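Undergrad: What follows is a single structure, and I will ask about it in a moment.
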Amino acid sequence: MTTEPGPSLADLAADPHPHLARLRSTGPVSWIPALDGWLVTDRATALNVMRDDATFTVDDPRFSTAQVVGRSMLSVDGAEHDRHRSAFSEPFRSGAVRENLGPWLRDEARRIVKSFADGGSAELRGALAAPLAVSTVLHTLGLSPADPDRVLGWYRTIGTAIEGVNAGREVDDGAAVAVAGLRARIDETVAHGSGPLADAAGMLDADAVFANAAVIMFGAIETSEGTTASALLHLLSSPEQLAEVLADRTLVADVVEEALRIEPAAGLVDRYATRDVEVAGVNVRQGDLVTVSLAGANRDPAVFDDPDRFDLHRANARQHLTFVQGPHVCLGMHLARLETREAVDAVLDLLPGVRLVPGYSAPARGLVFRKPGSVGAAWDVSRRAPTGTA
Ligand code: HEM
């Protein structure tokens with residue numbers, strides 16, 4: 001254990017990896033004053049904490065998302081968690097995602113790329129990763145053809161309120177209006193139709209349907225955007241690996257897995273100790289915050305050789321904990337993987353000679369949600385097939 005001051009929140013939001021490596025070298029669990037909690041930085045301890053929801057719970061009044069949208073699968077444990085989650089699990093199974101969403105995702109990624117392909121250059125996070133993340137979750141929940149900008153506006157306001165609660169502020173009136181707007185849209189979708197929300201309404205009350213739908217949106221948008229942007233940034237930053245992938249497109253799945261490992265789009269998850277417990281030699285007190293650094297676990301040198309290197313041939317990349325393990329394992333992981341694969345494929349298929357524009361990209365940053373600042377790319381418009389034929 002370390003008792004030194006530790007990194008600041010700004011350090012952890014900018015480039016956390018050197019700080020995490022230094023903390024891990026002193027022990028897998030460190031007290032971080034800036035977090036007012038413990039930080040777990042190795043993979044083995046991270047797994048132990050995330051699998052034991054009786055000792056390390058999410059069900060705590062400090063949990064900010066629940067304060068803004070209400071109790072959902074993300075903020076409860078035990079039988080209540082299973083009840084919330086099982087109402088939504090069917091459409092997110094691997095087979096269901098592949099069959100029901102695969103062709104749509106492929107078309108949607110291509111539609112978005114074609115919309116800017118004639119320009120010859122673009123910032124791919126804003127032009128592709130973000131709109132694909134939004135349209136995918138709206139389509140999956142059956143919220144389209146909702147006006148995406150309005151839904152996104154509510155989403156951003158609610159997200160800001162959740163960050164505000166984390167910083168000790170009250171939920172403001174603007175957030176209450178946004179919650180009401182999103183709630184009305186979700187109630188309307190339930191009333192009018194079939195689909196995942198209407199199915200869940202057969203199992204949960206209206207408050208719980210809303211809270212879980214909101215959490216699915218929060219789980220899906222920032223994270224998928226960050227992962228797609230990060231996969232493109234890492235691939236385009238390595239011309240040799242890009243050439244390999246262009247020659248063998250089955251490698252796109254490996255690119256996505258290694259991108260998930262090297263920069264998890266949700267870098268931290270929070271748990272609260274339900275009792276006094278020893279964790280890797282450290283005495284954690286009942287009520288203490290125990291934050292698991294997924295970014296730290298994914299670069300644990302005991303598991304991953306040369307962990308700071310992006311290597312699409314890394315044999316054990318799938319051992320990353322980006323989607324966590326245990327009861328709160330990401331509901332949308334199959335969808336997220338497929339979405340990023342389709343985005344990378346669309347870029348490689350439709351933008352010949354695609355490459356990074358020097359000085360026009362910025363690495364990932366963010367304390368919890370981490371995504372590249374920008375992914376500026378250019379390609380050869382003259383080599384493009386006429387629109388509509390690719
Ligand atoms: C690459 C993109 C994604 C990443 C990195 C990611 C990451 C995560 C993480 C770390 C958790 C666990 C949170 C915790 O234990 O405290 C989680 C849970 C969750 N994710 Fe994802 N996620 C992604 C995409 C998605 C998508 C596309 C959806 C839905 C469409 C989604 C829906 C959820 C939900 C509902 C939960 C809560 C599950 C539960 O508590 O039982 N996620 N995700």
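Note on naming: chains are A, B, ... as they come in the structure tokens, residues start from 1 per chain, ligands start from 1 in the order shown.
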All residues within 7 Å of ligand 1 are required, counting only C-alpha atoms and all ligand atoms; please report them as a PDB file with N, CA, C and O atoms, in the first residue's frame.
TA:
```
ATOM      1  N   MET A  73     -30.478  -1.164 -13.347  1.00  0.00           N
ATOM      2  CA  MET A  73     -29.571  -2.313 -13.209  1.00  0.00           C
ATOM      3  C   MET A  73     -28.153  -1.873 -12.822  1.00  0.00           C
ATOM      4  O   MET A  73     -27.436  -2.606 -12.150  1.00  0.00           O
ATOM      5  N   LEU A  74     -27.769  -0.664 -13.241  1.00  0.00           N
ATOM      6  CA  LEU A  74     -26.408  -0.184 -12.979  1.00  0.00           C
ATOM      7  C   LEU A  74     -26.189   0.154 -11.504  1.00  0.00           C
ATOM      8  O   LEU A  74     -25.062   0.157 -11.033  1.00  0.00           O
ATOM      9  N   SER A  75     -27.278   0.428 -10.782  1.00  0.00           N
ATOM     10  CA  SER A  75     -27.116   0.966  -9.425  1.00  0.00           C
ATOM     11  C   SER A  75     -27.673   0.049  -8.338  1.00  0.00           C
ATOM     12  O   SER A  75     -27.790   0.475  -7.193  1.00  0.00           O
ATOM     13  N   HIS A  81     -31.208  -6.424  -8.998  1.00  0.00           N
ATOM     14  CA  HIS A  81     -30.405  -6.253 -10.224  1.00  0.00           C
ATOM     15  C   HIS A  81     -30.850  -7.254 -11.290  1.00  0.00           C
ATOM     16  O   HIS A  81     -31.058  -6.893 -12.454  1.00  0.00           O
ATOM     17  N   ARG A  85     -32.195  -6.309 -14.995  1.00  0.00           N
ATOM     18  CA  ARG A  85     -31.363  -6.667 -16.142  1.00  0.00           C
ATOM     19  C   ARG A  85     -32.063  -7.660 -17.064  1.00  0.00           C
ATOM     20  O   ARG A  85     -31.980  -7.560 -18.284  1.00  0.00           O
ATOM     21  N   VAL A 137     -27.843   3.403 -30.734  1.00  0.00           N
ATOM     22  CA  VAL A 137     -28.604   3.146 -29.505  1.00  0.00           C
ATOM     23  C   VAL A 137     -30.071   3.541 -29.691  1.00  0.00           C
ATOM     24  O   VAL A 137     -30.976   2.850 -29.199  1.00  0.00           O
ATOM     25  N   ASN A 212     -33.708   2.368 -16.696  1.00  0.00           N
ATOM     26  CA  ASN A 212     -32.832   1.443 -17.420  1.00  0.00           C
ATOM     27  C   ASN A 212     -32.590   1.898 -18.857  1.00  0.00           C
ATOM     28  O   ASN A 212     -31.480   1.749 -19.376  1.00  0.00           O
ATOM     29  N   VAL A 215     -30.006   4.516 -18.669  1.00  0.00           N
ATOM     30  CA  VAL A 215     -28.691   3.927 -18.380  1.00  0.00           C
ATOM     31  C   VAL A 215     -28.126   3.222 -19.619  1.00  0.00           C
ATOM     32  O   VAL A 215     -26.916   3.267 -19.874  1.00  0.00           O
ATOM     33  N   ILE A 216     -28.986   2.619 -20.405  1.00  0.00           N
ATOM     34  CA  ILE A 216     -28.503   1.995 -21.652  1.00  0.00           C
ATOM     35  C   ILE A 216     -27.939   3.086 -22.563  1.00  0.00           C
ATOM     36  O   ILE A 216     -26.863   2.928 -23.154  1.00  0.00           O
ATOM     37  N   MET A 217     -28.645   4.215 -22.635  1.00  0.00           N
ATOM     38  CA  MET A 217     -28.108   5.311 -23.461  1.00  0.00           C
ATOM     39  C   MET A 217     -26.776   5.810 -22.909  1.00  0.00           C
ATOM     40  O   MET A 217     -25.817   6.026 -23.663  1.00  0.00           O
ATOM     41  N   GLY A 219     -24.740   4.137 -21.073  1.00  0.00           N
ATOM     42  CA  GLY A 219     -23.733   3.085 -21.241  1.00  0.00           C
ATOM     43  C   GLY A 219     -23.216   3.028 -22.659  1.00  0.00           C
ATOM     44  O   GLY A 219     -22.091   2.611 -22.897  1.00  0.00           O
ATOM     45  N   ALA A 220     -24.061   3.439 -23.611  1.00  0.00           N
ATOM     46  CA  ALA A 220     -23.743   3.159 -25.013  1.00  0.00           C
ATOM     47  C   ALA A 220     -23.057   4.303 -25.754  1.00  0.00           C
ATOM     48  O   ALA A 220     -22.200   4.049 -26.592  1.00  0.00           O
ATOM     49  N   ILE A 221     -23.443   5.543 -25.487  1.00  0.00           N
ATOM     50  CA  ILE A 221     -23.065   6.602 -26.433  1.00  0.00           C
ATOM     51  C   ILE A 221     -21.598   7.017 -26.289  1.00  0.00           C
ATOM     52  O   ILE A 221     -20.800   6.846 -27.213  1.00  0.00           O
ATOM     53  N   THR A 223     -19.192   5.674 -24.688  1.00  0.00           N
ATOM     54  CA  THR A 223     -18.251   4.553 -24.739  1.00  0.00           C
ATOM     55  C   THR A 223     -18.036   4.052 -26.155  1.00  0.00           C
ATOM     56  O   THR A 223     -16.906   3.792 -26.558  1.00  0.00           O
ATOM     57  N   SER A 224     -19.125   3.915 -26.912  1.00  0.00           N
ATOM     58  CA  SER A 224     -18.967   3.412 -28.284  1.00  0.00           C
ATOM     59  C   SER A 224     -18.237   4.442 -29.127  1.00  0.00           C
ATOM     60  O   SER A 224     -17.383   4.098 -29.961  1.00  0.00           O
ATOM     61  N   THR A 227     -14.568   4.213 -28.249  1.00  0.00           N
ATOM     62  CA  THR A 227     -13.912   2.990 -28.721  1.00  0.00           C
ATOM     63  C   THR A 227     -13.674   3.035 -30.228  1.00  0.00           C
ATOM     64  O   THR A 227     -12.601   2.673 -30.714  1.00  0.00           O
ATOM     65  N   LEU A 260      -9.876  -1.927 -27.435  1.00  0.00           N
ATOM     66  CA  LEU A 260     -10.635  -1.998 -26.176  1.00  0.00           C
ATOM     67  C   LEU A 260      -9.677  -2.140 -24.994  1.00  0.00           C
ATOM     68  O   LEU A 260      -9.875  -1.545 -23.938  1.00  0.00           O
ATOM     69  N   PRO A 264      -9.498   1.678 -22.432  1.00  0.00           N
ATOM     70  CA  PRO A 264     -10.925   1.408 -22.175  1.00  0.00           C
ATOM     71  C   PRO A 264     -11.718   2.711 -22.110  1.00  0.00           C
ATOM     72  O   PRO A 264     -11.298   3.658 -21.447  1.00  0.00           O
ATOM     73  N   ALA A 265     -12.852   2.742 -22.815  1.00  0.00           N
ATOM     74  CA  ALA A 265     -13.618   3.991 -22.927  1.00  0.00           C
ATOM     75  C   ALA A 265     -14.246   4.392 -21.598  1.00  0.00           C
ATOM     76  O   ALA A 265     -14.567   5.553 -21.383  1.00  0.00           O
ATOM     77  N   ALA A 266     -14.457   3.423 -20.699  1.00  0.00           N
ATOM     78  CA  ALA A 266     -14.797   3.753 -19.306  1.00  0.00           C
ATOM     79  C   ALA A 266     -13.582   3.322 -18.495  1.00  0.00           C
ATOM     80  O   ALA A 266     -13.323   2.129 -18.338  1.00  0.00           O
ATOM     81  N   VAL A 269     -14.509   2.182 -12.633  1.00  0.00           N
ATOM     82  CA  VAL A 269     -15.851   1.883 -12.109  1.00  0.00           C
ATOM     83  C   VAL A 269     -15.793   1.922 -10.580  1.00  0.00           C
ATOM     84  O   VAL A 269     -14.773   1.567  -9.975  1.00  0.00           O
ATOM     85  N   ASP A 270     -16.896   2.363  -9.973  1.00  0.00           N
ATOM     86  CA  ASP A 270     -16.936   2.564  -8.515  1.00  0.00           C
ATOM     87  C   ASP A 270     -17.727   1.471  -7.800  1.00  0.00           C
ATOM     88  O   ASP A 270     -18.786   1.057  -8.273  1.00  0.00           O
ATOM     89  N   THR A 322     -12.328  -4.349 -20.011  1.00  0.00           N
ATOM     90  CA  THR A 322     -13.042  -3.142 -20.454  1.00  0.00           C
ATOM     91  C   THR A 322     -14.552  -3.227 -20.262  1.00  0.00           C
ATOM     92  O   THR A 322     -15.210  -2.223 -19.995  1.00  0.00           O
ATOM     93  N   PHE A 323     -15.105  -4.432 -20.387  1.00  0.00           N
ATOM     94  CA  PHE A 323     -16.554  -4.586 -20.182  1.00  0.00           C
ATOM     95  C   PHE A 323     -16.849  -5.087 -18.767  1.00  0.00           C
ATOM     96  O   PHE A 323     -17.965  -5.498 -18.488  1.00  0.00           O
ATOM     97  N   VAL A 324     -15.910  -5.055 -17.892  1.00  0.00           N
ATOM     98  CA  VAL A 324     -15.905  -5.609 -16.533  1.00  0.00           C
ATOM     99  C   VAL A 324     -16.292  -7.092 -16.528  1.00  0.00           C
ATOM    100  O   VAL A 324     -16.586  -7.673 -17.569  1.00  0.00           O
ATOM    101  N   PRO A 327     -21.546  -9.455 -12.039  1.00  0.00           N
ATOM    102  CA  PRO A 327     -22.951  -9.197 -12.369  1.00  0.00           C
ATOM    103  C   PRO A 327     -23.179  -7.980 -13.261  1.00  0.00           C
ATOM    104  O   PRO A 327     -24.145  -7.942 -13.999  1.00  0.00           O
ATOM    105  N   HIS A 328     -22.265  -7.001 -13.202  1.00  0.00           N
ATOM    106  CA  HIS A 328     -22.492  -5.782 -13.998  1.00  0.00           C
ATOM    107  C   HIS A 328     -21.755  -5.792 -15.329  1.00  0.00           C
ATOM    108  O   HIS A 328     -21.582  -4.732 -15.947  1.00  0.00           O
ATOM    109  N   VAL A 329     -21.354  -6.985 -15.786  1.00  0.00           N
ATOM    110  CA  VAL A 329     -20.685  -7.066 -17.098  1.00  0.00           C
ATOM    111  C   VAL A 329     -21.547  -6.338 -18.127  1.00  0.00           C
ATOM    112  O   VAL A 329     -22.777  -6.437 -18.111  1.00  0.00           O
ATOM    113  N   CYS A 330     -20.877  -5.589 -18.989  1.00  0.00           N
ATOM    114  CA  CYS A 330     -21.585  -4.687 -19.923  1.00  0.00           C
ATOM    115  C   CYS A 330     -22.669  -5.418 -20.707  1.00  0.00           C
ATOM    116  O   CYS A 330     -22.412  -6.412 -21.382  1.00  0.00           O
ATOM    117  N   LEU A 331     -23.871  -4.867 -20.637  1.00  0.00           N
ATOM    118  CA  LEU A 331     -25.009  -5.445 -21.358  1.00  0.00           C
ATOM    119  C   LEU A 331     -24.814  -5.317 -22.864  1.00  0.00           C
ATOM    120  O   LEU A 331     -25.283  -6.159 -23.628  1.00  0.00           O
ATOM    121  N   GLY A 332     -24.130  -4.270 -23.296  1.00  0.00           N
ATOM    122  CA  GLY A 332     -24.040  -3.973 -24.725  1.00  0.00           C
ATOM    123  C   GLY A 332     -22.736  -4.390 -25.376  1.00  0.00           C
ATOM    124  O   GLY A 332     -22.414  -3.910 -26.465  1.00  0.00           O
ATOM    125  N   MET A 333     -21.987  -5.315 -24.760  1.00  0.00           N
ATOM    126  CA  MET A 333     -20.632  -5.566 -25.288  1.00  0.00           C
ATOM    127  C   MET A 333     -20.644  -6.168 -26.697  1.00  0.00           C
ATOM    128  O   MET A 333     -19.779  -5.836 -27.512  1.00  0.00           O
ATOM    129  N   LEU A 335     -22.922  -5.698 -29.017  1.00  0.00           N
ATOM    130  CA  LEU A 335     -23.297  -4.593 -29.907  1.00  0.00           C
ATOM    131  C   LEU A 335     -22.112  -3.645 -30.111  1.00  0.00           C
ATOM    132  O   LEU A 335     -21.818  -3.223 -31.242  1.00  0.00           O
ATOM    133  N   ALA A 336     -21.410  -3.323 -29.018  1.00  0.00           N
ATOM    134  CA  ALA A 336     -20.291  -2.373 -29.101  1.00  0.00           C
ATOM    135  C   ALA A 336     -19.188  -2.917 -30.014  1.00  0.00           C
ATOM    136  O   ALA A 336     -18.633  -2.181 -30.839  1.00  0.00           O
ATOM    137  N   ARG A 337     -18.886  -4.194 -29.856  1.00  0.00           N
ATOM    138  CA  ARG A 337     -17.829  -4.782 -30.699  1.00  0.00           C
ATOM    139  C   ARG A 337     -18.222  -4.717 -32.172  1.00  0.00           C
ATOM    140  O   ARG A 337     -17.427  -4.323 -33.027  1.00  0.00           O
TER     141      ARG A 337
END
```
Undergrad: As a list in words, list the residues of region 28-251 of chain A assigned to strand (DSSP E) by DSSP on the backbone atoms of this structure.
TA: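 Written out, the strand (DSSP E) residues of region 28-251 of chain A are Val29, Ser30, Trp31, Ile32, Gly37, Trp38, Leu39, Val40, Phe56, Thr57, Ser121, Ala122 and Glu123 of chain A.
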Undergrad: Please produce a file of the residues just selected, as a short mmCIF file (atom, residue, chain, number, x, y, z; two decimals), in the first residue's frame, where the atoms kept are N, CA and C atoms.
TA:
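Here's the written file result22.cif:
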```
data_model
loop_
_atom_site.label_atom_id
_atom_site.label_comp_id
_atom_site.auth_asym_id
_atom_site.auth_seq_id
_atom_site.Cartn_x
_atom_site.Cartn_y
_atom_site.Cartn_z
N VAL A 29 -3.42 -1.93 -4.49
CA VAL A 29 -4.50 -1.08 -3.96
C VAL A 29 -3.87 0.13 -3.28
N SER A 30 -4.25 1.34 -3.72
CA SER A 30 -3.65 2.56 -3.16
C SER A 30 -4.77 3.50 -2.70
N TRP A 31 -4.52 4.23 -1.61
CA TRP A 31 -5.45 5.28 -1.19
C TRP A 31 -5.13 6.53 -2.00
N ILE A 32 -6.15 7.07 -2.69
CA ILE A 32 -5.94 8.26 -3.52
C ILE A 32 -6.75 9.39 -2.91
N GLY A 37 -10.87 7.76 -1.94
CA GLY A 37 -11.16 6.33 -2.00
C GLY A 37 -9.93 5.54 -2.39
N TRP A 38 -10.14 4.21 -2.44
CA TRP A 38 -9.06 3.30 -2.84
C TRP A 38 -9.07 3.14 -4.35
N LEU A 39 -7.89 2.92 -4.93
CA LEU A 39 -7.82 2.68 -6.37
C LEU A 39 -7.13 1.34 -6.60
N VAL A 40 -7.81 0.46 -7.33
CA VAL A 40 -7.26 -0.87 -7.66
C VAL A 40 -6.62 -0.78 -9.04
N PHE A 56 -18.63 -5.64 -2.39
CA PHE A 56 -18.35 -4.39 -3.10
C PHE A 56 -19.57 -4.05 -3.95
N THR A 57 -20.44 -3.23 -3.40
CA THR A 57 -21.73 -2.99 -4.05
C THR A 57 -21.74 -1.69 -4.84
N SER A 121 -11.18 14.63 -46.53
CA SER A 121 -10.61 14.63 -45.18
C SER A 121 -11.74 14.87 -44.18
N ALA A 122 -11.53 14.41 -42.94
CA ALA A 122 -12.55 14.61 -41.90
C ALA A 122 -11.95 14.28 -40.55
N GLU A 123 -12.60 14.77 -39.51
CA GLU A 123 -12.25 14.37 -38.14
C GLU A 123 -13.19 13.21 -37.82
#
```
Undergrad: Have a look at A:Ala176, A:Val347, A:Val58, A:Ile112 and name the one nearest to Arg71 (chain A); count only C-alpha atoms.
TA: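 Among the listed residues, A:Val58 lies closest to Arg71 (chain A).
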Undergrad: Per residue of region 99-205 of chain A within 12 Å of region 360-378 of chain A, what are the shortest atom pair and its distance in Å to one decimal, counting only C-alpha atoms, with rows by chain and residue number, as a tab-separated table?
TA:
```
residue	atom	partner	partner_atom	distance
A:Phe116	CA	A:Ala378	CA	11.2
A:Ala117	CA	A:Ala378	CA	9.6
A:Asp118	CA	A:Ala378	CA	10.7
A:Gly119	CA	A:Ala378	CA	8.9
A:Gly120	CA	A:Ala378	CA	5.6
A:Ser121	CA	A:Ala378	CA	4.0
A:Ala122	CA	A:Ala377	CA	5.6
A:Glu123	CA	A:Gly376	CA	4.3
A:Leu124	CA	A:Val375	CA	5.3
A:Arg125	CA	A:Val375	CA	5.9
A:Gly126	CA	A:Ser374	CA	7.8
A:Ala127	CA	A:Val375	CA	9.7
A:Leu128	CA	A:Val375	CA	10.2
A:Ala129	CA	A:Val375	CA	10.0
A:Ala130	CA	A:Lys371	CA	10.7
A:Gly159	CA	A:Phe369	CA	11.2
A:Glu163	CA	A:Val368	CA	10.1
A:Asn166	CA	A:Val368	CA	11.2
```
Undergrad: Output N, CA, C and O atoms for every residue in the selection just made, as a compact mmCIF listing (two decimals), in the first residue's frame.
TA:
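Once everything was written out, this is again-v1.txt:
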```
# COMPACT_ATOMS: atom_id res chain seq x y z
N PHE A 116 -19.60 11.87 -45.96
CA PHE A 116 -18.49 12.83 -45.96
C PHE A 116 -17.32 12.39 -46.85
O PHE A 116 -16.32 13.08 -46.96
N ALA A 117 -17.45 11.23 -47.51
CA ALA A 117 -16.31 10.66 -48.23
C ALA A 117 -15.81 11.55 -49.36
O ALA A 117 -14.60 11.59 -49.64
N ASP A 118 -16.71 12.28 -50.02
CA ASP A 118 -16.27 13.09 -51.16
C ASP A 118 -15.38 14.26 -50.75
O ASP A 118 -14.70 14.85 -51.58
N GLY A 119 -15.38 14.59 -49.46
CA GLY A 119 -14.61 15.75 -48.99
C GLY A 119 -13.10 15.51 -48.96
O GLY A 119 -12.33 16.47 -48.94
N GLY A 120 -12.66 14.27 -48.88
CA GLY A 120 -11.23 13.98 -48.89
C GLY A 120 -10.53 14.04 -47.54
O GLY A 120 -9.42 13.56 -47.38
N SER A 121 -11.18 14.63 -46.53
CA SER A 121 -10.61 14.63 -45.18
C SER A 121 -11.74 14.87 -44.18
O SER A 121 -12.79 15.43 -44.54
N ALA A 122 -11.53 14.41 -42.94
CA ALA A 122 -12.55 14.61 -41.90
C ALA A 122 -11.95 14.28 -40.55
O ALA A 122 -10.91 13.61 -40.46
N GLU A 123 -12.60 14.77 -39.51
CA GLU A 123 -12.25 14.37 -38.14
C GLU A 123 -13.19 13.21 -37.82
O GLU A 123 -14.40 13.38 -37.69
N LEU A 124 -12.63 12.00 -37.73
CA LEU A 124 -13.47 10.80 -37.75
C LEU A 124 -14.25 10.54 -36.44
O LEU A 124 -15.23 9.82 -36.45
N ARG A 125 -13.80 11.13 -35.33
CA ARG A 125 -14.61 10.95 -34.12
C ARG A 125 -15.95 11.68 -34.29
O ARG A 125 -17.01 11.12 -34.05
N GLY A 126 -15.86 12.96 -34.71
CA GLY A 126 -17.08 13.75 -34.85
C GLY A 126 -17.91 13.34 -36.06
O GLY A 126 -19.14 13.38 -36.02
N ALA A 127 -17.23 12.96 -37.15
CA ALA A 127 -17.96 12.69 -38.39
C ALA A 127 -18.56 11.29 -38.42
O ALA A 127 -19.59 11.06 -39.06
N LEU A 128 -17.91 10.34 -37.73
CA LEU A 128 -18.36 8.94 -37.82
C LEU A 128 -18.69 8.33 -36.45
O LEU A 128 -19.81 7.84 -36.24
N ALA A 129 -17.71 8.34 -35.53
CA ALA A 129 -17.90 7.58 -34.27
C ALA A 129 -19.11 8.11 -33.48
O ALA A 129 -19.93 7.32 -32.99
N ALA A 130 -19.23 9.44 -33.36
CA ALA A 130 -20.32 9.99 -32.54
C ALA A 130 -21.69 9.76 -33.16
O ALA A 130 -22.58 9.22 -32.50
N GLY A 159 -26.27 14.05 -18.53
CA GLY A 159 -24.87 13.70 -18.27
C GLY A 159 -24.16 14.77 -17.45
O GLY A 159 -23.40 14.47 -16.51
N GLU A 163 -22.43 14.45 -13.69
CA GLU A 163 -21.09 14.94 -13.34
C GLU A 163 -21.17 15.94 -12.19
O GLU A 163 -20.33 15.95 -11.29
N ASN A 166 -21.51 14.24 -8.96
CA ASN A 166 -20.17 13.73 -8.58
C ASN A 166 -19.33 14.82 -7.94
O ASN A 166 -18.52 14.56 -7.05
```
Undergrad: Considering only alpha helix (DSSP H) as DSSP defines it on the backbone, what residues of region 183-304 of chain A qualify? List them as a count of residues only.
TA: 71
Undergrad: Find, counting only C-alpha atoms, the residue in A:Val177, A:Ala295, A:Leu356, A:Ala315 that gets nearest to Arg24 (chain A).
TA: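 Using only C-alpha atoms, Arg24 (chain A) sits closest to A:Ala295.
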Undergrad: I need the residue nearest Arg62 (chain A) from this list: A:Ala167, A:Ala201, A:Leu268, A:Val277. Use only C-alpha atoms for the distance.
TA: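 Selected residue with least distance to Arg62 (chain A): A:Ala167.
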Undergrad: My list of candidates is A:Ala213, A:Ala273, A:Ile158, A:Leu242. Which is closest to Asp60 (chain A) when distances are computed with only C-alpha atoms?
TA: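 Of the candidates, the smallest distance to Asp60 (chain A) is held by A:Ala273.
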Undergrad: Let me make sure I understand: among A:Leu294, A:Met203, A:Val252, A:Ala66, which one has the smallest atom-to-atom distance to Ala161 (chain A) if we use only C-alpha atoms?
TA: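 Selected residue with least distance to Ala161 (chain A): A:Ala66.
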Undergrad: Can you measure CA of Thr45 (chain A) to CA of Gly281 (chain A) for me? One decimal in Å is fine.
TA: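 Separating CA of Thr45 (chain A) from CA of Gly281 (chain A) is a distance of 10.7 Å.
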Undergrad: Write out as a list in words which residues come within 8 Å of region 204-207 of chain A when counting only C-alpha atoms, dropping same-chain ones fewer than 3 positions away.
TA: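 The neighbour list is Gly70, His84, Ala87, Asp187, Ala200, Ala201, Phe210 and Ala211 of chain A.
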